[in-house]
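File shown here: start_14.csv, holding CSV, C-alpha atoms.
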```csv
chain,number,residue,atom,x,y,z
B,1,MET,CA,-96.2,119.9,-68.4
B,2,LEU,CA,-92.5,120.5,-68.8
B,3,ILE,CA,-91.6,119.1,-65.4
B,4,THR,CA,-93.8,116.0,-65.9
B,5,ALA,CA,-92.5,115.4,-69.5
B,6,ALA,CA,-88.9,115.7,-68.4
B,7,PHE,CA,-89.4,113.3,-65.5
B,8,ILE,CA,-91.1,110.7,-67.8
B,9,VAL,CA,-88.3,110.9,-70.3
B,10,LEU,CA,-85.8,110.5,-67.4
B,11,VAL,CA,-87.6,107.4,-66.0
B,12,PHE,CA,-87.6,105.8,-69.5
B,13,GLY,CA,-83.9,106.5,-69.9
B,14,TYR,CA,-83.0,105.3,-66.4
B,15,SER,CA,-84.9,102.0,-67.0
B,16,LEU,CA,-82.8,101.3,-70.1
B,17,VAL,CA,-79.5,101.4,-68.2
B,18,SER,CA,-80.6,100.5,-64.7
B,19,ARG,CA,-78.8,97.2,-64.6
B,20,ARG,CA,-75.5,98.8,-65.8
B,21,LEU,CA,-75.8,101.4,-63.1
B,22,GLU,CA,-76.2,98.9,-60.3
B,23,SER,CA,-72.4,98.3,-60.3
B,24,THR,CA,-71.6,102.0,-60.0
B,25,PRO,CA,-72.0,104.5,-57.1
B,26,LEU,CA,-74.6,106.4,-59.1
B,27,THR,CA,-77.8,105.7,-57.2
B,28,ALA,CA,-81.3,106.6,-58.5
B,29,PRO,CA,-81.8,109.3,-55.9
B,30,LEU,CA,-78.5,110.9,-56.8
B,31,LEU,CA,-79.3,110.8,-60.6
B,32,PHE,CA,-82.8,112.1,-60.2
B,33,THR,CA,-81.7,114.9,-57.9
B,34,ALA,CA,-79.0,115.9,-60.3
B,35,ALA,CA,-81.5,115.9,-63.1
B,36,GLY,CA,-83.8,118.2,-61.1
B,37,VAL,CA,-80.9,120.6,-60.5
B,38,LEU,CA,-80.3,120.7,-64.3
B,39,MET,CA,-84.0,121.7,-64.8
B,40,LEU,CA,-82.9,125.2,-63.7
B,41,LEU,CA,-81.6,125.6,-67.2
B,42,PHE,CA,-85.3,125.9,-68.3
B,43,PRO,CA,-86.9,129.0,-66.7
B,44,ALA,CA,-90.3,127.7,-67.5
B,45,ALA,CA,-89.8,124.8,-65.1
B,46,SER,CA,-89.5,127.1,-62.0
B,47,ARG,CA,-92.6,129.0,-63.1
B,48,GLU,CA,-94.5,125.7,-63.5
B,49,LEU,CA,-93.3,124.6,-60.1
B,50,PHE,CA,-94.6,127.7,-58.4
B,51,LEU,CA,-98.0,127.5,-60.1
B,52,ASP,CA,-98.5,123.7,-59.3
B,53,ARG,CA,-97.1,123.6,-55.8
B,54,LYS,CA,-100.4,122.7,-54.2
B,55,ALA,CA,-100.8,119.7,-56.5
B,56,LEU,CA,-97.2,118.7,-55.9
B,57,LEU,CA,-97.7,118.9,-52.2
B,58,LEU,CA,-100.8,116.7,-52.5
B,59,ILE,CA,-98.7,114.1,-54.3
B,60,ALA,CA,-96.1,114.3,-51.6
B,61,GLU,CA,-98.6,113.9,-48.8
B,62,VAL,CA,-100.4,110.9,-50.4
B,63,GLY,CA,-97.0,109.3,-51.0
B,64,LEU,CA,-96.0,109.7,-47.4
B,65,VAL,CA,-99.3,108.2,-46.2
B,66,MET,CA,-98.7,105.2,-48.5
B,67,THR,CA,-95.2,104.9,-47.3
B,68,LEU,CA,-96.2,105.0,-43.6
B,69,PHE,CA,-98.9,102.4,-44.1
B,70,THR,CA,-96.6,100.1,-46.0
B,71,ASP,CA,-93.7,100.4,-43.5
B,72,ALA,CA,-96.0,99.7,-40.6
B,73,SER,CA,-97.8,96.8,-42.3
B,74,HIS,CA,-94.8,94.6,-42.9
B,75,ILE,CA,-92.9,95.1,-39.7
B,76,SER,CA,-93.3,92.1,-37.4
B,77,ARG,CA,-93.0,92.0,-33.6
B,78,ARG,CA,-90.3,89.3,-33.9
B,79,ALA,CA,-88.2,91.6,-36.1
B,80,LEU,CA,-88.3,94.3,-33.4
B,81,GLN,CA,-87.4,91.8,-30.6
B,82,ASP,CA,-84.6,90.1,-32.4
B,83,ASN,CA,-80.9,90.6,-31.7
B,84,HIS,CA,-81.1,92.0,-28.2
B,85,ARG,CA,-83.9,94.3,-29.4
B,86,LEU,CA,-81.4,96.2,-31.5
B,87,PRO,CA,-84.2,97.8,-33.7
B,88,VAL,CA,-86.1,98.8,-30.5
B,89,ARG,CA,-83.0,100.5,-29.1
B,90,LEU,CA,-82.5,102.5,-32.3
B,91,LEU,CA,-86.1,103.5,-32.5
B,92,SER,CA,-86.5,104.5,-28.8
B,93,VAL,CA,-83.3,105.7,-27.2
B,94,GLY,CA,-81.5,106.3,-30.5
B,95,MET,CA,-84.3,108.4,-32.0
B,96,LEU,CA,-85.2,110.4,-28.9
B,97,LEU,CA,-81.5,111.3,-28.4
B,98,THR,CA,-81.2,112.2,-32.1
B,99,ILE,CA,-84.1,114.7,-31.9
B,100,LEU,CA,-82.7,116.2,-28.7
B,101,LEU,CA,-79.2,116.5,-30.0
B,102,GLY,CA,-80.4,117.7,-33.4
B,103,ALA,CA,-82.4,120.5,-31.6
B,104,ALA,CA,-79.4,121.4,-29.5
B,105,ALA,CA,-77.1,121.6,-32.5
B,106,ALA,CA,-79.7,123.8,-34.2
B,107,MET,CA,-79.7,126.2,-31.3
B,108,VAL,CA,-75.9,126.4,-31.4
B,109,CYS,CA,-75.8,127.0,-35.1
B,110,PHE,CA,-78.8,129.3,-35.6
B,111,ALA,CA,-79.1,132.0,-32.9
B,112,GLY,CA,-82.5,133.1,-34.2
B,113,LEU,CA,-84.3,129.8,-33.7
B,114,SER,CA,-86.6,129.1,-30.7
B,115,TRP,CA,-86.3,125.7,-29.0
B,116,TRP,CA,-89.6,124.6,-30.6
B,117,GLU,CA,-88.4,125.6,-34.1
B,118,ALA,CA,-85.2,123.7,-33.4
B,119,GLY,CA,-87.3,120.7,-32.4
B,120,ILE,CA,-89.2,121.0,-35.8
B,121,LEU,CA,-85.9,120.9,-37.7
B,122,ALA,CA,-84.6,118.0,-35.6
B,123,ALA,CA,-87.9,116.0,-36.0
B,124,ILE,CA,-87.9,116.5,-39.8
B,125,LEU,CA,-84.3,115.2,-40.0
B,126,ALA,CA,-84.7,112.3,-37.5
B,127,PRO,CA,-86.0,109.6,-39.9
B,128,THR,CA,-83.6,107.6,-42.0
B,129,ASP,CA,-84.4,106.6,-45.6
B,130,ALA,CA,-84.6,103.0,-46.5
B,131,GLY,CA,-84.5,103.9,-50.2
B,132,LEU,CA,-81.1,105.6,-50.0
B,133,GLY,CA,-79.8,102.7,-47.9
B,134,GLN,CA,-81.3,100.0,-50.2
B,135,ILE,CA,-77.9,98.8,-51.3
B,136,ILE,CA,-77.0,98.3,-47.6
B,137,VAL,CA,-80.0,96.2,-46.6
B,138,ASN,CA,-79.8,94.1,-49.8
B,139,SER,CA,-76.1,93.3,-49.6
B,140,PRO,CA,-75.3,89.7,-48.5
B,141,ARG,CA,-71.8,91.0,-47.4
B,142,VAL,CA,-73.4,92.9,-44.5
B,143,PRO,CA,-74.5,90.6,-41.6
B,144,ALA,CA,-78.2,89.8,-41.6
B,145,ARG,CA,-78.8,91.2,-38.1
B,146,ILE,CA,-77.3,94.6,-39.1
B,147,ARG,CA,-79.2,94.7,-42.3
B,148,GLN,CA,-82.4,93.9,-40.6
B,149,ALA,CA,-81.9,96.5,-37.8
B,150,LEU,CA,-81.3,99.3,-40.3
B,151,ASN,CA,-84.2,98.2,-42.4
B,152,VAL,CA,-86.6,98.0,-39.5
B,153,GLU,CA,-85.4,101.4,-38.2
B,154,ALA,CA,-85.9,103.1,-41.5
B,155,GLY,CA,-89.3,101.5,-41.9
B,156,LEU,CA,-90.7,102.8,-38.6
B,157,ASN,CA,-88.9,106.0,-37.6
B,158,ASP,CA,-90.7,108.2,-40.1
B,159,GLY,CA,-94.0,107.2,-38.5
B,160,LEU,CA,-92.6,107.8,-35.1
B,161,ALA,CA,-91.2,111.3,-36.1
B,162,VAL,CA,-94.6,112.6,-37.2
B,163,PRO,CA,-96.2,113.1,-33.8
B,164,PHE,CA,-93.0,115.0,-32.6
B,165,LEU,CA,-93.1,117.2,-35.7
B,166,MET,CA,-96.8,118.0,-35.4
B,167,LEU,CA,-96.5,118.7,-31.7
B,168,PHE,CA,-93.5,121.1,-32.2
B,169,ILE,CA,-95.3,122.9,-35.0
B,170,ALA,CA,-98.4,123.4,-32.8
B,171,LEU,CA,-96.4,124.6,-29.8
B,172,ALA,CA,-94.2,127.0,-31.8
B,173,ALA,CA,-97.2,128.5,-33.5
B,174,ALA,CA,-99.1,128.8,-30.2
B,175,ILE,CA,-96.2,130.6,-28.5
B,176,GLU,CA,-95.8,132.9,-31.5
B,177,GLU,CA,-99.5,133.8,-31.4
B,178,GLY,CA,-99.5,134.2,-27.6
B,179,VAL,CA,-101.7,131.1,-27.0
B,180,GLY,CA,-101.3,128.9,-23.9
B,181,ALA,CA,-99.1,125.9,-24.5
B,182,ARG,CA,-101.3,123.7,-22.2
B,183,SER,CA,-104.4,124.2,-24.3
B,184,VAL,CA,-102.5,123.6,-27.5
B,185,LEU,CA,-101.1,120.4,-26.1
B,186,ALA,CA,-104.5,119.2,-25.1
B,187,HIS,CA,-106.0,120.0,-28.5
B,188,PHE,CA,-103.1,118.2,-30.2
B,189,LEU,CA,-103.4,115.1,-28.1
B,190,LEU,CA,-107.1,114.9,-28.7
B,191,GLU,CA,-107.4,115.7,-32.4
B,192,GLN,CA,-104.1,114.9,-34.1
B,193,ILE,CA,-103.1,111.8,-32.0
B,194,GLY,CA,-106.4,110.7,-30.4
B,195,TYR,CA,-108.6,111.0,-33.5
B,196,GLY,CA,-105.8,109.8,-35.8
B,197,THR,CA,-105.2,106.7,-33.7
B,198,ALA,CA,-108.9,105.9,-33.4
B,199,LEU,CA,-109.3,106.3,-37.2
B,200,GLY,CA,-106.3,104.1,-37.9
B,201,LEU,CA,-107.5,101.4,-35.6
B,202,ALA,CA,-111.0,101.4,-37.0
B,203,ILE,CA,-109.8,101.3,-40.7
B,204,GLY,CA,-106.9,98.9,-40.1
B,205,LEU,CA,-108.8,96.4,-37.9
B,206,GLY,CA,-112.0,96.6,-39.9
B,207,GLY,CA,-110.3,96.4,-43.3
B,208,GLY,CA,-107.9,93.7,-42.2
B,209,LEU,CA,-110.6,91.5,-40.7
B,210,LEU,CA,-112.7,91.8,-43.9
B,211,MET,CA,-109.8,91.1,-46.2
B,212,GLY,CA,-108.8,88.1,-44.0
B,213,LEU,CA,-112.3,86.8,-44.2
B,214,ALA,CA,-112.4,87.2,-47.9
B,215,GLN,CA,-109.2,85.4,-48.3
B,216,ARG,CA,-110.2,82.5,-46.2
B,217,ARG,CA,-113.5,82.2,-48.1
B,218,GLN,CA,-111.6,82.5,-51.4
B,219,TRP,CA,-113.8,85.5,-52.4
B,220,MET,CA,-110.8,87.7,-53.2
B,221,SER,CA,-108.5,87.5,-56.3
B,222,PRO,CA,-104.8,87.7,-55.2
B,223,GLU,CA,-104.1,90.3,-57.8
B,224,LEU,CA,-106.9,92.6,-56.7
B,225,GLY,CA,-106.1,92.1,-53.1
B,226,GLN,CA,-103.4,94.7,-53.6
B,227,LEU,CA,-106.0,97.3,-54.5
B,228,GLY,CA,-108.0,96.5,-51.3
B,229,VAL,CA,-104.9,97.1,-49.3
B,230,VAL,CA,-104.2,100.4,-51.0
B,231,ALA,CA,-107.7,101.5,-50.3
B,232,MET,CA,-107.1,101.5,-46.5
B,233,PRO,CA,-104.5,104.3,-46.4
B,234,LEU,CA,-106.6,106.3,-48.9
B,235,LEU,CA,-109.6,106.0,-46.5
B,236,CYS,CA,-107.3,107.3,-43.8
B,237,ILE,CA,-106.7,110.5,-45.8
B,238,LEU,CA,-110.4,111.1,-46.4
B,239,ALA,CA,-111.4,110.4,-42.8
B,240,ALA,CA,-108.6,112.6,-41.4
B,241,GLU,CA,-109.6,115.5,-43.6
B,242,GLU,CA,-113.2,115.4,-42.3
B,243,SER,CA,-112.2,115.0,-38.6
B,244,GLY,CA,-109.2,117.2,-38.3
B,245,ALA,CA,-107.0,114.2,-37.3
B,246,SER,CA,-103.5,113.5,-38.6
B,247,MET,CA,-103.7,111.4,-41.8
B,248,PHE,CA,-100.1,110.3,-41.2
B,249,ILE,CA,-100.7,108.9,-37.7
B,250,ALA,CA,-103.9,107.3,-38.9
B,251,ALA,CA,-102.2,105.6,-41.8
B,252,PHE,CA,-99.3,104.4,-39.6
B,253,VAL,CA,-101.7,102.9,-37.0
B,254,ALA,CA,-103.8,101.4,-39.7
B,255,GLY,CA,-100.8,99.6,-41.2
B,256,LEU,CA,-100.0,98.1,-37.8
B,257,ALA,CA,-103.7,97.2,-37.0
B,258,ALA,CA,-104.4,95.6,-40.4
B,259,GLN,CA,-102.0,92.7,-39.6
B,260,VAL,CA,-104.3,91.5,-36.8
B,261,GLY,CA,-107.0,90.3,-39.3
B,262,PHE,CA,-104.9,90.0,-42.4
B,263,PRO,CA,-101.3,88.9,-41.8
B,264,LYS,CA,-100.4,89.1,-45.5
B,265,VAL,CA,-101.2,92.8,-45.7
B,266,GLY,CA,-97.5,93.7,-45.6
B,267,ARG,CA,-96.8,91.5,-48.6
B,268,HIS,CA,-99.6,93.0,-50.7
B,269,SER,CA,-98.7,96.6,-49.8
B,270,VAL,CA,-95.0,96.1,-50.6
B,271,GLU,CA,-95.9,94.4,-53.9
B,272,PHE,CA,-97.9,97.5,-54.9
B,273,THR,CA,-95.5,100.1,-53.7
B,274,GLU,CA,-92.4,98.5,-55.1
B,275,GLY,CA,-93.7,99.5,-58.5
B,276,TRP,CA,-95.6,102.7,-58.2
B,277,GLY,CA,-93.8,103.6,-55.0
B,278,GLN,CA,-90.5,103.8,-56.9
B,279,LEU,CA,-92.0,106.3,-59.3
B,280,PHE,CA,-93.1,108.5,-56.4
B,281,ASN,CA,-89.7,108.3,-54.7
B,282,TRP,CA,-87.9,109.3,-57.9
B,283,PHE,CA,-90.4,112.2,-58.6
B,284,VAL,CA,-89.8,113.6,-55.1
B,285,PHE,CA,-86.1,113.6,-55.5
B,286,PHE,CA,-86.4,115.1,-59.0
B,287,LEU,CA,-88.5,118.0,-57.5
B,288,PHE,CA,-86.1,118.3,-54.6
B,289,GLY,CA,-83.2,118.8,-57.0
B,290,LEU,CA,-85.2,121.6,-58.8
B,291,LEU,CA,-86.1,123.3,-55.4
B,292,PHE,CA,-82.5,123.1,-54.3
B,293,ALA,CA,-81.3,124.7,-57.6
B,294,LEU,CA,-83.7,127.6,-57.0
B,295,ASP,CA,-82.3,128.4,-53.6
B,296,TRP,CA,-78.6,127.4,-53.8
B,297,GLN,CA,-77.4,131.0,-53.4
B,298,ASP,CA,-79.1,131.2,-49.9
B,299,PHE,CA,-77.0,128.5,-48.3
B,300,THR,CA,-74.6,129.8,-45.7
B,301,PRO,CA,-71.6,128.2,-44.0
B,302,LEU,CA,-73.7,127.7,-40.9
B,303,ILE,CA,-76.4,125.8,-42.9
B,304,VAL,CA,-73.7,123.5,-44.3
B,305,LEU,CA,-72.2,123.0,-40.9
B,306,TYR,CA,-75.5,121.9,-39.5
B,307,ALA,CA,-76.0,119.5,-42.3
B,308,VAL,CA,-72.6,117.9,-41.6
B,309,LEU,CA,-73.3,117.7,-37.9
B,310,SER,CA,-76.8,116.2,-38.6
B,311,LEU,CA,-75.2,113.3,-40.6
B,312,THR,CA,-72.3,112.7,-38.2
B,313,VAL,CA,-72.5,113.7,-34.5
B,314,VAL,CA,-76.3,114.0,-34.3
B,315,ARG,CA,-76.8,110.6,-35.8
B,316,MET,CA,-73.7,108.6,-34.7
B,317,LEU,CA,-73.5,109.6,-31.0
B,318,PRO,CA,-77.1,108.6,-30.2
B,319,VAL,CA,-76.7,105.3,-32.1
B,320,ALA,CA,-73.5,104.5,-30.1
B,321,LEU,CA,-75.3,105.2,-26.8
B,322,ALA,CA,-78.4,103.2,-27.9
B,323,VAL,CA,-76.5,100.0,-28.7
B,324,ALA,CA,-74.0,100.2,-25.8
B,325,GLY,CA,-73.7,97.1,-23.8
B,326,ILE,CA,-74.8,94.4,-26.4
B,327,GLY,CA,-71.3,93.5,-27.5
B,328,LEU,CA,-71.2,95.0,-31.0
B,329,SER,CA,-67.8,95.8,-32.5
B,330,ARG,CA,-66.6,99.4,-33.0
B,331,ALA,CA,-66.8,98.8,-36.8
B,332,THR,CA,-70.5,97.8,-36.5
B,333,VAL,CA,-71.3,100.8,-34.3
B,334,LEU,CA,-69.7,103.1,-36.8
B,335,PHE,CA,-71.5,101.4,-39.7
B,336,LEU,CA,-74.9,101.7,-38.0
B,337,GLY,CA,-74.2,105.3,-37.2
B,338,TRP,CA,-73.0,106.4,-40.6
B,339,PHE,CA,-75.6,104.7,-42.7
B,340,GLY,CA,-78.6,106.6,-41.4
B,341,PRO,CA,-79.2,108.6,-44.6
B,342,ARG,CA,-81.8,111.4,-44.8
B,343,GLY,CA,-84.0,111.5,-47.8
B,344,LEU,CA,-87.6,110.9,-48.9
B,345,ALA,CA,-89.2,111.2,-45.4
B,346,SER,CA,-87.3,114.3,-44.5
B,347,ILE,CA,-88.2,116.0,-47.8
B,348,VAL,CA,-91.9,115.2,-47.4
B,349,LEU,CA,-92.0,116.1,-43.7
B,350,GLY,CA,-90.4,119.4,-44.7
B,351,LEU,CA,-93.1,120.0,-47.3
B,352,VAL,CA,-95.8,119.1,-44.7
B,353,TYR,CA,-94.3,121.6,-42.3
B,354,LEU,CA,-94.4,124.3,-45.0
B,355,GLU,CA,-98.0,123.4,-45.8
B,356,GLN,CA,-99.0,124.1,-42.2
B,357,GLN,CA,-98.3,127.8,-42.9
B,358,ALA,CA,-97.3,128.5,-39.3
B,359,ASN,CA,-95.3,131.5,-40.6
B,360,LEU,CA,-92.6,131.1,-37.9
B,361,PRO,CA,-89.6,133.4,-37.9
B,362,GLY,CA,-87.2,130.6,-38.4
B,363,GLU,CA,-89.1,129.0,-41.4
B,364,ASN,CA,-86.5,129.9,-44.0
B,365,THR,CA,-83.6,128.6,-41.8
B,366,ILE,CA,-85.5,125.3,-41.3
B,367,ARG,CA,-86.2,124.9,-45.0
B,368,LEU,CA,-82.6,125.5,-46.0
B,369,ALA,CA,-81.1,123.3,-43.3
B,370,VAL,CA,-83.4,120.4,-44.4
B,371,MET,CA,-82.5,120.8,-48.0
B,372,ALA,CA,-78.7,121.0,-47.3
B,373,THR,CA,-78.8,117.9,-45.1
B,374,VAL,CA,-80.7,115.8,-47.6
B,375,LEU,CA,-78.6,116.8,-50.5
B,376,LEU,CA,-75.4,116.1,-48.6
B,377,SER,CA,-76.8,112.7,-47.6
B,378,VAL,CA,-77.8,111.8,-51.1
B,379,VAL,CA,-74.3,112.5,-52.3
B,380,ALA,CA,-72.3,111.2,-49.4
B,381,HIS,CA,-74.2,108.1,-48.6
B,382,GLY,CA,-74.7,107.2,-52.3
B,383,LEU,CA,-71.0,107.5,-53.0
B,384,SER,CA,-69.8,105.8,-49.8
B,385,ALA,CA,-72.2,102.8,-49.8
B,386,LYS,CA,-70.2,100.3,-51.8
B,387,PRO,CA,-66.8,101.3,-50.3
B,388,GLY,CA,-68.4,101.2,-46.9
B,389,ILE,CA,-69.8,97.7,-47.4
B,390,GLU,CA,-66.4,96.4,-48.6
B,391,ARG,CA,-64.6,97.8,-45.6
B,392,TYR,CA,-67.2,96.7,-43.1
B,393,ALA,CA,-67.3,93.2,-44.6
B,394,ARG,CA,-63.5,92.9,-44.1
B,395,SER,CA,-64.0,93.9,-40.5
B,396,CYS,CA,-66.7,91.4,-39.9
B,397,ASN,CA,-64.6,88.6,-41.3
B,398,GLU,CA,-62.1,89.2,-38.5
B,399,LEU,CA,-64.7,88.9,-35.8
B,400,PRO,CA,-65.0,85.7,-33.8
B,401,ALA,CA,-67.7,83.2,-34.8
B,402,ASP,CA,-69.7,83.9,-31.7
B,403,ALA,CA,-69.8,87.7,-32.2
B,404,PRO,CA,-73.4,89.2,-32.1
B,405,GLU,CA,-73.1,90.3,-35.7
B,406,HIS,CA,-72.8,86.6,-36.9
B,407,ALA,CA,-75.7,85.2,-34.9
B,408,ALA,CA,-78.6,83.8,-36.9
B,409,ILE,CA,-81.9,85.8,-37.0
B,410,ASN,CA,-85.3,84.3,-36.7
B,411,THR,CA,-87.2,85.3,-39.8
B,412,PRO,CA,-91.0,85.1,-39.4
B,413,VAL,CA,-92.7,82.5,-41.5
B,414,GLU,CA,-95.7,83.8,-43.4
B,415,LYS,CA,-98.8,81.6,-43.2
```
Just dump the structure as structure tokens.
Amino acid sequence: MLITAAFIVLVFGYSLVSRRLESTPLTAPLLFTAAGVLMLLFPAASRELFLDRKALLLIAEVGLVMTLFTDASHISRRALQDNHRLPVRLLSVGMLLTILLGAAAAMVCFAGLSWWEAGILAAILAPTDAGLGQIIVNSPRVPARIRQALNVEAGLNDGLAVPFLMLFIALAAAIEEGVGARSVLAHFLLEQIGYGTALGLAIGLGGGLLMGLAQRRQWMSPELGQLGVVAMPLLCILAAEESGASMFIAAFVAGLAAQVGFPKVGRHSVEFTEGWGQLFNWFVFFLFGLLFALDWQDFTPLIVLYAVLSLTVVRMLPVALAVAGIGLSRATVLFLGWFGPRGLASIVLGLVYLEQQANLPGENTIRLAVMATVLLSVVAHGLSAKPGIERYARSCNELPADAPEHAAINTPVEK
């Protein structure tokens, strides 16, 4: 109860001064992480965390399922295709190169890791966090195309990282146990991806069509429509638990499929998660701060070096290669590359990996590297957001009027 009570008091206090804090570099993730670190002053908090870790993991998993469904449900095809397919470039070439380069950097920094373990670490840290970059995507001083590209990338890359993570975990565990990689791959494709995709399509298409019908016939109250939307990812969890499928893949696919029958699913899901989702995000960062405080003595210079590389070279070089040839200025490429913060998705994916209990030799290294990277991101991106926007805005003002950054975007009209 100590952890829960402290968090509730902190949420209340933050709500009282939230408007005043908007003009400062003190972001909510930074404050809640710092508060979690300070919980180390109460020995009972660490004992409570150890006893309740299964319940806390369940909260994290449900939160990630909701996040994946919401992100997928409000991303339109037009948003992906806009601006020379900039979001598609970041999500395809950019993300694949980020995982490859992240794994290579892990092999250089940590001699004891296998390639599959390095891939696990890289996949956990591949997604960017829209929450940490909220000030960027909401700032009118940043060109709309760049804001949209970062927002779409952060909204979809966590869902795209899940299959890579689960595959690397399965292959690493199989090799450790002496099982053939081919059979593991076939099992993974059938159950995790195959069943997960089928469940997501069934729940998303079926639920979306029913909600669309109910809306057209005016059977459904607009307020309670939010609960109907929330029920779909929860059904994905229950169905995945029974079938052995990946609940994360199912939820992501369901969010995409629900738009077919119910185009307004994204609006309803966002309305719900903007309230309750904020509490979940803050709670995860609060727990993350406490977990970091318990392990701070185990961080080595190599762990810190990898965290720095993950936020700089591993992120910025793939972004530069992904957007090459579409005429963006050097300032824009640097801005896109730097503002790829690691946060909520990486924390939860790290917890999901630990919950698999693969017992790999490099598990402790992976855990510490994820924690160090996220903490560095929370601090560095939180403190650099406002100065970064100011400097980038000045650079954009010097660009010609026909620069790609200044071109208008086509915003889909909701019917």
Polymer residues at most 10 Å from Pro25 of chain B, all atoms listed in the file, same-chain spacing of 4 or more positions, as a compact mmCIF listing (two decimals) with C-alpha atoms, in the frame of the given file:
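In the end it all went to selection05.txt:
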```txt
# COMPACT_ATOMS: atom_id res chain seq x y z
CA LEU B 21 -75.80 101.40 -63.10
CA LEU B 30 -78.50 110.90 -56.80
CA VAL B 379 -74.30 112.50 -52.30
CA HIS B 381 -74.20 108.10 -48.60
CA GLY B 382 -74.70 107.20 -52.30
CA LEU B 383 -71.00 107.50 -53.00
CA SER B 384 -69.80 105.80 -49.80
CA ALA B 385 -72.20 102.80 -49.80
CA LYS B 386 -70.20 100.30 -51.80
CA PRO B 387 -66.80 101.30 -50.30
```
Contacts of Val352 of chain B at 8 Å or less, counting only C-alpha atoms, minus same-chain residues fewer than 4 places along, as a short mmCIF file (atom, residue, chain, number, x, y, z; two decimals) with C-alpha atoms, in the frame of the given file?
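File produced: part.cif:
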```
data_model
loop_
_atom_site.label_atom_id
_atom_site.label_comp_id
_atom_site.auth_asym_id
_atom_site.auth_seq_id
_atom_site.Cartn_x
_atom_site.Cartn_y
_atom_site.Cartn_z
CA LEU B 57 -97.70 118.90 -52.20
CA GLU B 61 -98.60 113.90 -48.80
CA VAL B 348 -91.90 115.20 -47.40
CA GLN B 356 -99.00 124.10 -42.20
#
```
Check: For Leu291 of chain B, which of B:Pro400, B:Pro318, B:Gly36, B:Gly350 is the closest residue, counting all atoms listed in the file?
Finding: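 Smallest separation from Leu291 of chain B among the options: B:Gly36.
Nearest residue to Leu90 of chain B, choosing from B:Leu344, B:Ala154, B:Met371, B:Ile3 and counting all atoms listed in the file: B:Ala154.
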Item checked: Counting only C-alpha atoms, the option among B:Ala403, B:Leu58, B:Leu294, B:Leu279 closest to Val37 of chain B ->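 Between B:Ala403, B:Leu58, B:Leu294, B:Leu279, the residue approaching Val37 of chain B most closely is B:Leu294.
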Note to self: Using all atoms listed in the file, can you tell me which of B:Gln218, B:Val152, B:Leu311, B:Ser18 comes closest to Trp338 of chain B?
What the structure shows: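 Closest to Trp338 of chain B, using all atoms listed in the file: B:Leu311.
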Next item on the list: Write out as a ChimeraX atom specification each polymer residue whose atoms come within 12 Å of Ala118 of chain B, counting all atoms listed in the file; drop sequence neighbours fewer than 2 positions from it.
Entry: /B:99-116,120-125,164-165,168-169,171-172,306,360-363,365-367,369-370
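For the point (-103.8, 88.6, -42.1), the residues with at least one atom inside 8 Å, counting only C-alpha atoms, are Gly208, Leu209, Met211, Gly212, Ala258, Gln259, Val260, Gly261, Phe262, Pro263, Lys264 and Val265 of chain B.
Comparing B:Gln215, B:Arg19, B:Ala35, B:Thr300 by their smallest distance to Phe7 of chain B, the closest is B:Ala35 (using all atoms listed in the file).
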Check: For Pro143 of chain B, which of B:Ile75, B:Leu351, B:Leu328, B:Val378 is the closest residue, counting all atoms listed in the file?
Finding: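 Closest residue, counting all atoms listed in the file: B:Leu328.
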Next item on the list: Calculate how many Å separate atom CA of Ala245 of chain B from atom CA of Gly200 of chain B, rounding to one decimal.
Entry: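 Answer for the atom CA of Ala245 of chain B to atom CA of Gly200 of chain B separation: 10.1 Å.
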